[in-house]
>>> print(open('data.cif').read())   # mmCIF, C-alpha atoms and all ligand atoms
data_target
loop_
_atom_site.group_PDB
_atom_site.id
_atom_site.type_symbol
_atom_site.label_atom_id
_atom_site.label_comp_id
_atom_site.auth_asym_id
_atom_site.auth_seq_id
_atom_site.Cartn_x
_atom_site.Cartn_y
_atom_site.Cartn_z
ATOM 1 C CA MET A 1 0.000 0.000 0.000
ATOM 2 C CA LEU A 2 1.237 3.427 -0.813
ATOM 3 C CA ARG A 3 1.918 5.566 2.174
ATOM 4 C CA ILE A 4 2.377 9.240 1.637
ATOM 5 C CA SER A 5 3.224 11.582 4.423
ATOM 6 C CA ARG A 6 2.892 15.302 4.603
ATOM 7 C CA ALA A 7 6.668 15.622 4.292
ATOM 8 C CA GLY A 8 6.848 12.903 1.654
ATOM 9 C CA LEU A 9 4.287 14.662 -0.440
ATOM 10 C CA SER A 10 6.025 17.958 -0.257
ATOM 11 C CA ILE A 11 9.237 16.313 -1.408
ATOM 12 C CA LEU A 12 7.476 14.726 -4.344
ATOM 13 C CA ALA A 13 5.961 18.042 -5.199
ATOM 14 C CA LEU A 14 9.298 19.806 -5.011
ATOM 15 C CA LEU A 15 11.019 17.195 -7.116
ATOM 16 C CA ALA A 16 8.319 17.368 -9.694
ATOM 17 C CA ALA A 17 8.434 21.143 -9.729
ATOM 18 C CA SER A 18 12.172 21.281 -10.137
ATOM 19 C CA TRP A 19 11.992 18.719 -12.892
ATOM 20 C CA VAL A 20 9.489 20.853 -14.755
ATOM 21 C CA VAL A 21 11.701 23.928 -14.328
ATOM 22 C CA ALA A 22 14.722 21.975 -15.484
ATOM 23 C CA GLN A 23 12.870 20.580 -18.431
ATOM 24 C CA GLU A 24 11.499 23.946 -19.482
ATOM 25 C CA ALA A 25 14.869 25.605 -19.159
ATOM 26 C CA ARG A 26 16.512 22.912 -21.183
ATOM 27 C CA LEU A 27 13.900 22.739 -23.848
ATOM 28 C CA GLY A 28 13.782 26.505 -24.097
ATOM 29 C CA ASP A 29 17.461 26.892 -24.370
ATOM 30 C CA HIS A 30 18.560 23.776 -26.152
ATOM 31 C CA PRO A 31 15.727 22.231 -28.073
ATOM 32 C CA ALA A 32 17.659 19.154 -29.162
ATOM 33 C CA SER A 33 16.608 16.908 -26.286
ATOM 34 C CA LEU A 34 16.113 16.633 -22.561
ATOM 35 C CA SER A 35 19.674 15.493 -22.194
ATOM 36 C CA GLY A 36 20.943 18.289 -24.439
ATOM 37 C CA TYR A 37 23.281 19.466 -21.736
ATOM 38 C CA ALA A 38 25.033 16.128 -21.680
ATOM 39 C CA ALA A 39 26.100 17.019 -25.237
ATOM 40 C CA VAL A 40 27.118 20.550 -24.201
ATOM 41 C CA TYR A 41 29.221 19.001 -21.453
ATOM 42 C CA GLN A 42 30.882 16.571 -23.877
ATOM 43 C CA GLU A 43 31.634 19.401 -26.277
ATOM 44 C CA ASN A 44 33.068 21.913 -23.826
ATOM 45 C CA CYS A 45 34.089 20.224 -20.607
ATOM 46 C CA ALA A 46 34.913 16.567 -21.230
ATOM 47 C CA VAL A 47 38.317 17.353 -22.707
ATOM 48 C CA CYS A 48 39.469 18.493 -19.249
ATOM 49 C CA HIS A 49 37.046 16.804 -16.835
ATOM 50 C CA GLY A 50 36.638 13.447 -18.618
ATOM 51 C CA ASP A 51 33.631 12.117 -20.539
ATOM 52 C CA ARG A 52 32.042 10.792 -17.350
ATOM 53 C CA LEU A 53 33.195 13.635 -15.063
ATOM 54 C CA GLN A 54 35.975 11.364 -13.850
ATOM 55 C CA GLY A 55 38.756 13.886 -14.479
ATOM 56 C CA ALA A 56 41.482 13.993 -17.121
ATOM 57 C CA ALA A 57 44.994 15.367 -17.538
ATOM 58 C CA GLN A 58 43.977 19.026 -17.672
ATOM 59 C CA GLY A 59 41.037 19.017 -15.278
ATOM 60 C CA THR A 60 39.948 17.685 -11.921
ATOM 61 C CA ARG A 61 37.441 14.973 -11.094
ATOM 62 C CA LEU A 62 33.878 16.287 -10.682
ATOM 63 C CA ILE A 63 32.121 13.138 -9.446
ATOM 64 C CA GLY A 64 32.389 10.876 -6.398
ATOM 65 C CA ILE A 65 34.307 13.439 -4.338
ATOM 66 C CA ASP A 66 33.577 16.627 -2.387
ATOM 67 C CA LEU A 67 34.252 19.512 -4.722
ATOM 68 C CA LYS A 68 37.043 21.859 -3.706
ATOM 69 C CA HIS A 69 35.042 24.997 -4.515
ATOM 70 C CA GLY A 70 31.736 23.788 -3.097
ATOM 71 C CA ASP A 71 29.084 21.206 -3.976
ATOM 72 C CA SER A 72 25.905 23.256 -3.856
ATOM 73 C CA PHE A 73 24.146 24.186 -7.065
ATOM 74 C CA ALA A 74 25.035 27.874 -6.464
ATOM 75 C CA GLU A 75 28.710 27.062 -5.888
ATOM 76 C CA ILE A 76 28.946 24.798 -8.931
ATOM 77 C CA SER A 77 27.288 27.516 -11.042
ATOM 78 C CA ALA A 78 29.795 30.071 -9.710
ATOM 79 C CA SER A 79 32.758 27.762 -10.457
ATOM 80 C CA ILE A 80 31.570 27.377 -14.035
ATOM 81 C CA ALA A 81 30.713 31.049 -14.536
ATOM 82 C CA ASN A 82 33.935 32.462 -13.059
ATOM 83 C CA GLY A 83 36.359 29.670 -13.977
ATOM 84 C CA PHE A 84 39.804 29.338 -12.455
ATOM 85 C CA ALA A 85 42.126 31.262 -14.757
ATOM 86 C CA ASP A 86 45.225 30.347 -12.753
ATOM 87 C CA LYS A 87 44.456 26.611 -13.156
ATOM 88 C CA GLY A 88 43.422 26.785 -16.813
ATOM 89 C CA MET A 89 39.626 26.682 -16.478
ATOM 90 C CA PRO A 90 37.990 29.403 -18.586
ATOM 91 C CA ALA A 91 35.267 31.674 -17.185
ATOM 92 C CA TRP A 92 32.264 30.337 -19.065
ATOM 93 C CA SER A 93 30.329 33.543 -18.393
ATOM 94 C CA GLN A 94 32.375 34.946 -21.292
ATOM 95 C CA THR A 95 30.819 32.537 -23.770
ATOM 96 C CA MET A 96 27.631 31.159 -22.193
ATOM 97 C CA THR A 97 24.427 32.850 -21.090
ATOM 98 C CA ASP A 98 23.318 32.685 -17.429
ATOM 99 C CA LEU A 99 20.698 30.143 -18.429
ATOM 100 C CA GLN A 100 23.217 27.931 -20.209
ATOM 101 C CA ILE A 101 25.485 28.059 -17.152
ATOM 102 C CA LYS A 102 22.586 27.132 -14.867
ATOM 103 C CA ASN A 103 21.727 24.209 -17.101
ATOM 104 C CA ILE A 104 25.241 22.859 -17.316
ATOM 105 C CA ALA A 105 25.546 23.269 -13.516
ATOM 106 C CA LEU A 106 22.296 21.318 -13.175
ATOM 107 C CA PHE A 107 23.721 18.608 -15.405
ATOM 108 C CA VAL A 108 26.911 18.387 -13.271
ATOM 109 C CA SER A 109 24.918 18.449 -10.044
ATOM 110 C CA GLU A 110 22.441 15.786 -11.173
ATOM 111 C CA THR A 111 25.122 13.544 -12.617
ATOM 112 C CA ARG A 112 26.934 13.795 -9.270
ATOM 113 C CA SER A 113 23.821 12.631 -7.428
ATOM 114 C CA GLY A 114 23.160 9.787 -9.857
ATOM 115 C CA LEU A 115 19.925 11.204 -11.259
ATOM 116 C CA ASP A 116 19.027 9.762 -14.608
ATOM 117 C CA TYR A 117 16.041 11.085 -16.506
ATOM 118 C CA ALA A 118 15.736 7.871 -18.452
ATOM 119 C CA ASP A 119 14.997 6.031 -15.212
ATOM 120 C CA PHE A 120 11.833 7.299 -13.569
ATOM 121 C CA LYS A 121 11.785 4.360 -11.140
ATOM 122 C CA TYR A 122 8.187 4.019 -12.168
ATOM 123 C CA ASP A 123 7.648 0.642 -10.563
ATOM 124 C CA ALA A 124 10.092 0.972 -7.669
ATOM 125 C CA PRO A 125 8.421 0.293 -4.313
ATOM 126 C CA PHE A 126 7.686 3.406 -2.325
ATOM 127 C CA SER A 127 9.634 3.675 0.890
ATOM 128 C CA LEU A 128 9.129 6.273 3.546
ATOM 129 C CA PRO A 129 12.313 7.538 5.215
ATOM 130 C CA THR A 130 12.147 6.960 8.970
ATOM 131 C CA GLN A 131 15.226 8.917 9.979
ATOM 132 C CA THR A 132 15.459 12.675 10.452
ATOM 133 C CA ILE A 133 16.416 14.308 7.176
ATOM 134 C CA ALA A 134 18.644 17.384 7.287
ATOM 135 C CA THR A 135 18.403 19.933 4.486
ATOM 136 C CA GLU A 136 20.112 23.300 4.050
ATOM 137 C CA LEU A 137 17.246 25.115 5.771
ATOM 138 C CA HIS A 138 15.423 22.626 8.033
ATOM 139 C CA SER A 139 15.610 19.176 9.511
ATOM 140 C CA PHE A 140 12.413 17.169 9.353
ATOM 141 C CA THR A 141 10.880 13.757 9.852
ATOM 142 C CA SER A 142 8.090 12.133 7.847
ATOM 143 C CA GLU A 143 4.667 11.439 9.264
ATOM 144 C CA THR A 144 1.902 9.528 7.479
ATOM 145 C CA VAL A 145 -1.169 11.685 6.987
ATOM 146 C CA ILE A 146 -3.072 9.641 4.406
ATOM 147 C CA ASP A 147 -2.872 6.255 2.710
ATOM 148 C CA GLY A 148 -4.085 4.888 -0.583
ATOM 149 C CA LEU A 149 -3.568 7.839 -2.879
ATOM 150 C CA ASP A 150 -3.108 7.581 -6.614
ATOM 151 C CA PRO A 151 0.494 6.545 -7.308
ATOM 152 C CA LEU A 152 0.886 9.882 -9.057
ATOM 153 C CA PRO A 153 0.158 12.537 -6.430
ATOM 154 C CA PHE A 154 1.534 15.823 -7.712
ATOM 155 C CA SER A 155 1.283 18.713 -5.298
ATOM 156 C CA ILE A 156 0.047 19.913 -1.951
ATOM 157 C CA ALA A 157 -0.875 23.333 -0.603
ATOM 158 C CA PRO A 158 -1.410 23.524 3.143
ATOM 159 C CA LEU A 159 -4.394 25.729 4.033
ATOM 160 C CA PRO A 160 -4.199 28.121 6.981
ATOM 161 C CA ASP A 161 -6.707 26.000 8.959
ATOM 162 C CA GLY A 162 -4.481 22.883 8.884
ATOM 163 C CA ARG A 163 -6.218 21.106 6.005
ATOM 164 C CA ILE A 164 -4.185 20.279 2.904
ATOM 165 C CA LEU A 165 -5.164 20.795 -0.712
ATOM 166 C CA LEU A 166 -3.936 17.822 -2.698
ATOM 167 C CA THR A 167 -3.692 17.130 -6.404
ATOM 168 C CA GLU A 168 -3.450 13.604 -7.740
ATOM 169 C CA LYS A 169 -2.600 13.675 -11.427
ATOM 170 C CA LYS A 170 -5.161 11.213 -12.652
ATOM 171 C CA ARG A 171 -7.887 11.851 -10.085
ATOM 172 C CA GLY A 172 -8.149 15.559 -9.388
ATOM 173 C CA LEU A 173 -8.196 18.018 -6.513
ATOM 174 C CA SER A 174 -9.289 17.102 -3.004
ATOM 175 C CA ILE A 175 -8.848 18.323 0.555
ATOM 176 C CA VAL A 176 -7.174 16.215 3.219
ATOM 177 C CA ALA A 177 -8.227 16.922 6.798
ATOM 178 C CA PRO A 178 -5.497 17.054 9.489
ATOM 179 C CA GLU A 179 -6.526 13.587 10.725
ATOM 180 C CA GLY A 180 -6.103 12.170 7.199
ATOM 181 C CA LYS A 181 -9.655 12.017 5.856
ATOM 182 C CA GLN A 182 -9.842 12.825 2.150
ATOM 183 C CA SER A 183 -12.773 14.835 0.772
ATOM 184 C CA PRO A 184 -14.567 13.831 -2.425
ATOM 185 C CA TYR A 185 -12.859 15.251 -5.537
ATOM 186 C CA ILE A 186 -13.824 18.883 -5.905
ATOM 187 C CA ALA A 187 -16.500 19.420 -8.527
ATOM 188 C CA GLY A 188 -16.140 22.188 -11.086
ATOM 189 C CA THR A 189 -12.375 21.789 -11.441
ATOM 190 C CA PRO A 190 -10.848 20.754 -14.798
ATOM 191 C CA ARG A 191 -11.590 17.193 -15.837
ATOM 192 C CA THR A 192 -8.815 14.662 -15.367
ATOM 193 C CA TYR A 193 -8.196 11.510 -17.393
ATOM 194 C CA SER A 194 -6.842 8.302 -15.933
ATOM 195 C CA ASP A 195 -5.553 6.598 -19.039
ATOM 196 C CA THR A 196 -1.809 6.596 -19.477
ATOM 197 C CA TYR A 197 0.743 4.782 -21.521
ATOM 198 C CA ILE A 198 4.044 3.387 -20.352
ATOM 199 C CA LEU A 199 7.032 4.136 -22.515
ATOM 200 C CA ALA A 200 9.725 1.546 -23.091
ATOM 201 C CA VAL A 201 11.943 3.353 -20.581
ATOM 202 C CA LYS A 202 9.344 2.739 -17.853
ATOM 203 C CA GLN A 203 8.004 6.237 -17.822
ATOM 204 C CA GLU A 204 4.304 6.896 -17.494
ATOM 205 C CA TRP A 205 2.911 9.412 -19.940
ATOM 206 C CA GLY A 206 -0.494 10.926 -20.200
ATOM 207 C CA ASN A 207 -2.441 14.036 -20.935
ATOM 208 C CA GLY A 208 -5.278 15.743 -19.123
ATOM 209 C CA TRP A 209 -3.751 15.567 -15.663
ATOM 210 C CA MET A 210 -4.226 17.714 -12.566
ATOM 211 C CA LEU A 211 -0.858 19.180 -11.713
ATOM 212 C CA ASP A 212 0.131 21.966 -9.339
ATOM 213 C CA VAL A 213 -1.972 23.667 -6.707
ATOM 214 C CA THR A 214 -0.938 26.756 -4.800
ATOM 215 C CA LEU A 215 -2.518 29.523 -2.748
ATOM 216 C CA HIS A 216 -2.359 33.191 -3.677
ATOM 217 C CA PRO A 217 0.094 35.001 -1.337
ATOM 218 C CA GLN A 218 -2.918 36.971 -0.016
ATOM 219 C CA TYR A 219 -5.158 33.907 0.048
ATOM 220 C CA GLU A 220 -6.592 34.776 3.432
ATOM 221 C CA GLU A 221 -7.948 38.064 2.054
ATOM 222 C CA ASN A 222 -8.927 37.063 -1.484
ATOM 223 C CA GLY A 223 -9.509 33.289 -1.346
ATOM 224 C CA TRP A 224 -7.684 32.678 -4.650
ATOM 225 C CA ILE A 225 -6.337 29.202 -5.366
ATOM 226 C CA TYR A 226 -4.330 28.488 -8.508
ATOM 227 C CA LEU A 227 -4.539 25.167 -10.342
ATOM 228 C CA HIS A 228 -2.234 23.969 -13.067
ATOM 229 C CA TYR A 229 -3.523 21.201 -15.308
ATOM 230 C CA GLY A 230 -3.026 19.619 -18.697
ATOM 231 C CA ASP A 231 -5.916 20.391 -21.000
ATOM 232 C CA ARG A 232 -7.056 17.697 -23.349
ATOM 233 C CA CYS A 233 -7.922 20.133 -26.086
ATOM 234 C CA SER A 234 -11.547 20.798 -26.881
ATOM 235 C CA ASP A 235 -11.164 21.608 -30.577
ATOM 236 C CA CYS A 236 -8.778 18.860 -31.633
ATOM 237 C CA ASN A 237 -9.311 15.459 -33.199
ATOM 238 C CA GLU A 238 -11.302 12.586 -31.743
ATOM 239 C CA PHE A 239 -8.236 10.561 -30.870
ATOM 240 C CA SER A 240 -7.232 13.120 -28.274
ATOM 241 C CA HIS A 241 -10.429 12.516 -26.348
ATOM 242 C CA GLN A 242 -10.409 8.748 -26.358
ATOM 243 C CA GLN A 243 -9.820 6.945 -23.119
ATOM 244 C CA ASN A 244 -7.224 4.185 -22.996
ATOM 245 C CA ARG A 245 -5.231 5.498 -25.908
ATOM 246 C CA ARG A 246 -2.160 3.460 -26.677
ATOM 247 C CA PHE A 247 0.811 4.024 -28.912
ATOM 248 C CA GLN A 248 0.742 1.282 -31.515
HETATM 249 C C1 LIG B 301 40.858 23.670 -20.171
HETATM 250 C C2 LIG B 301 40.400 22.768 -19.134
HETATM 251 C C3 LIG B 301 39.037 22.940 -18.549
HETATM 252 C C4 LIG B 301 37.851 23.050 -19.219
HETATM 253 C C5 LIG B 301 37.609 23.082 -20.721
HETATM 254 C C6 LIG B 301 36.835 23.084 -18.191
HETATM 255 N N1 LIG B 301 37.378 23.007 -16.956
HETATM 256 FE FE1 LIG B 301 36.382 22.983 -15.199
HETATM 257 N N2 LIG B 301 38.142 23.037 -14.202
HETATM 258 C C7 LIG B 301 39.397 22.905 -14.783
HETATM 259 C C8 LIG B 301 40.386 22.865 -13.732
HETATM 260 C C9 LIG B 301 41.891 22.691 -13.943
HETATM 261 C C10 LIG B 301 39.690 22.994 -12.503
HETATM 262 C C11 LIG B 301 40.271 22.948 -11.095
HETATM 263 C C12 LIG B 301 40.353 24.277 -10.430
HETATM 264 C C13 LIG B 301 41.046 24.157 -9.078
HETATM 265 O O1 LIG B 301 41.660 23.119 -8.804
HETATM 266 O O2 LIG B 301 40.917 25.109 -8.327
HETATM 267 C C14 LIG B 301 38.282 23.095 -12.845
HETATM 268 C C15 LIG B 301 37.271 23.208 -11.912
HETATM 269 C C16 LIG B 301 35.935 23.062 -12.203
HETATM 270 C C17 LIG B 301 34.879 23.014 -11.212
HETATM 271 C C18 LIG B 301 35.079 23.134 -9.718
HETATM 272 C C19 LIG B 301 35.585 21.826 -9.181
HETATM 273 C C20 LIG B 301 35.804 21.811 -7.692
HETATM 274 O O3 LIG B 301 36.477 20.864 -7.237
HETATM 275 O O4 LIG B 301 35.292 22.684 -6.990
HETATM 276 C C21 LIG B 301 33.708 22.803 -11.872
HETATM 277 C C22 LIG B 301 32.322 22.643 -11.258
HETATM 278 C C23 LIG B 301 34.018 22.757 -13.272
HETATM 279 N N3 LIG B 301 35.373 22.921 -13.435
HETATM 280 C C24 LIG B 301 33.091 22.561 -14.267
HETATM 281 C C25 LIG B 301 33.397 22.692 -15.622
HETATM 282 C C26 LIG B 301 32.408 22.674 -16.660
HETATM 283 C C27 LIG B 301 30.910 22.446 -16.451
HETATM 284 C C28 LIG B 301 33.062 22.876 -17.832
HETATM 285 C C29 LIG B 301 32.469 23.003 -19.209
HETATM 286 C C30 LIG B 301 31.477 24.022 -19.411
HETATM 287 C C31 LIG B 301 34.488 22.996 -17.531
HETATM 288 N N4 LIG B 301 34.638 22.880 -16.177
HETATM 289 C C32 LIG B 301 35.447 23.147 -18.466
HETATM 290 C C33 LIG B 301 39.666 22.813 -16.115
HETATM 291 C C34 LIG B 301 38.732 22.930 -17.124
#
>>> encode(input="data.cif", output="structure tokens")
Amino acid sequence: MLRISRAGLSILALLAASWVVAQEARLGDHPASLSGYAAVYQENCAVCHGDRLQGAAQGTRLIGIDLKHGDSFAEISASIANGFADKGMPAWSQTMTDLQIKNIALFVSETRSGLDYADFKYDAPFSLPTQTIATELHSFTSETVIDGLDPLPFSIAPLPDGRILLTEKKRGLSIVAPEGKQSPYIAGTPRTYSDTYILAVKQEWGNGWMLDVTLHPQYEENGWIYLHYGDRCSDCNEFSHQQNRRFQ
């Protein structure tokens, strides 16, 4: 049974959000492919840092060790932007835009942590961390608030009264009470579709999903809630509206 905790959900939501940002940045800046920055790395960096970040004659190792100039995303970005002229590393801010530097820093950072976009761990069993997790800003532990959600929850937005707005991609928007009781799916919100297809790389794809939910910064005064969803177009061909579509 899937167990999702308040903390667990927020992590999933954050991961999903950062993936979307990363994907948009990459697609916007380098339309070739999601892994476009792997190619940028090979072209510009591999000669010194090795084709797998393992280091080479002219450049240091970038993987499997603590970095000398800092491991955080901000520090890696700064290393790339400013370079180390005395050691032979060019300042890439001379030839790359801020966005390109961010993307290549993301590539280095994700490769260091073993993230692989071709492996979505779609059918990996869910496991809830039991130990205290320390992050840059807070330490926290996980606590189970609700069981039995769709395997694709997407986002949460805690309400000021302690209830939690929850989106599940294929089911919709609901409200989870502090003691874990889930409301019926909220009527009048965009329709969601539950059919998906699994790509060969074990990645679940679909369209017409409920995605992010967030409160307006002045929610308490104006009551605004923002929803982000995938629209299954209303003026497109029949195929787009069929349930249980499959790639042949
Ligand atoms: C001409 C060789 C050369 C090229 C090309 C080069 N680097 Fe470097 N880079 C170095 C050297 C040498 C250092 C080590 C600086 C030091 O020891 O202080 C370094 C350091 C770094 C660091 C900091 C490592 C640490 O331990 O803190 C990062 C991150 C980095 N490079 C990323 C890149 C990326 C990304 C590219 C391609 C866009 C790139 N480098 C291209 C030579 C190079």
>>> closest_residue(input="data.cif", among="A:Asn82, A:Thr214, A:Ser139, A:Ser155", to="ligand LIG 301 (chain B)", atoms="all atoms listed in the file")
A:Asn82
>>> closest_residue(input="data.cif", among="A:Thr141, A:Thr196, A:Ser79, A:Ser72", to="ligand LIG 301 (chain B)", atoms="all atoms listed in the file")
A:Ser79
>>> residues_near_ligand(input="data.cif", ligand="ligand LIG 301 (chain B)", cutoff="9 Å", atoms="all atoms listed in the file", output="VMD selection string")
chain A and resid 40 to 49 53 57 to 62 65 to 71 75 to 81 83 to 92 96 101 104 to 105 107 to 109
>>> residues_around(input="data.cif", residues="Gly180 of chain A", least_positions_apart="2", cutoff="6 Å", atoms="only C-alpha atoms", output="PyMOL selection string")
chain A and resi 145-146+176-178
>>> atom_distance(input="data.cif", atom1="atom CA of Ile133 of chain A", atom2="atom CA of Phe73 of chain A")
19.0 Å
>>> atom_distance(input="data.cif", atom1="atom CA of Asp147 of chain A", atom2="atom CA of Thr135 of chain A")
25.4 Å
>>> resolve_selection(input="data.cif", expression="the PyMOL selection byres (((chain A and resi 207) around 7) and not hetatm)", output="CSV table (one decimal) with C-alpha atoms, in the frame of the given file")
chain,number,residue,atom,x,y,z
A,206,GLY,CA,-0.5,10.9,-20.2
A,208,GLY,CA,-5.3,15.7,-19.1
A,209,TRP,CA,-3.8,15.6,-15.7
A,230,GLY,CA,-3.0,19.6,-18.7
A,232,ARG,CA,-7.1,17.7,-23.3
>>> atom_distance(input="data.cif", atom1="atom CA of Met210 of chain A", atom2="atom CA of Gly172 of chain A")
5.5 Å
>>> resolve_selection(input="data.cif", expression="the PyMOL selection byres (((chain A and resi 156) around 6) and not hetatm)", output="list in words")
Ser155, Ala157, Leu165 and Leu166 of chain A
>>> resolve_selection(input="data.cif", expression="the PyMOL selection byres (((chain A and resi 227) around 8) and not hetatm)", output="PyMOL selection string")
chain A and resi 210-214+225-226+228-229
>>> axis_aligned_box(input="data.cif", around="segment 34-50 of chain A", padding_each_side="4 Å", output="lines of an AutoDock Vina configuration file")
center_x = 27.8
center_y = 17.7
center_z = -21.6
size_x = 31.4
size_y = 16.5
size_z = 17.4
>>> closest_residue(input="data.cif", among="A:Thr130, A:Gln218, A:Gln100, A:Gln203", to="Leu152 of chain A", atoms="only C-alpha atoms")
A:Gln203
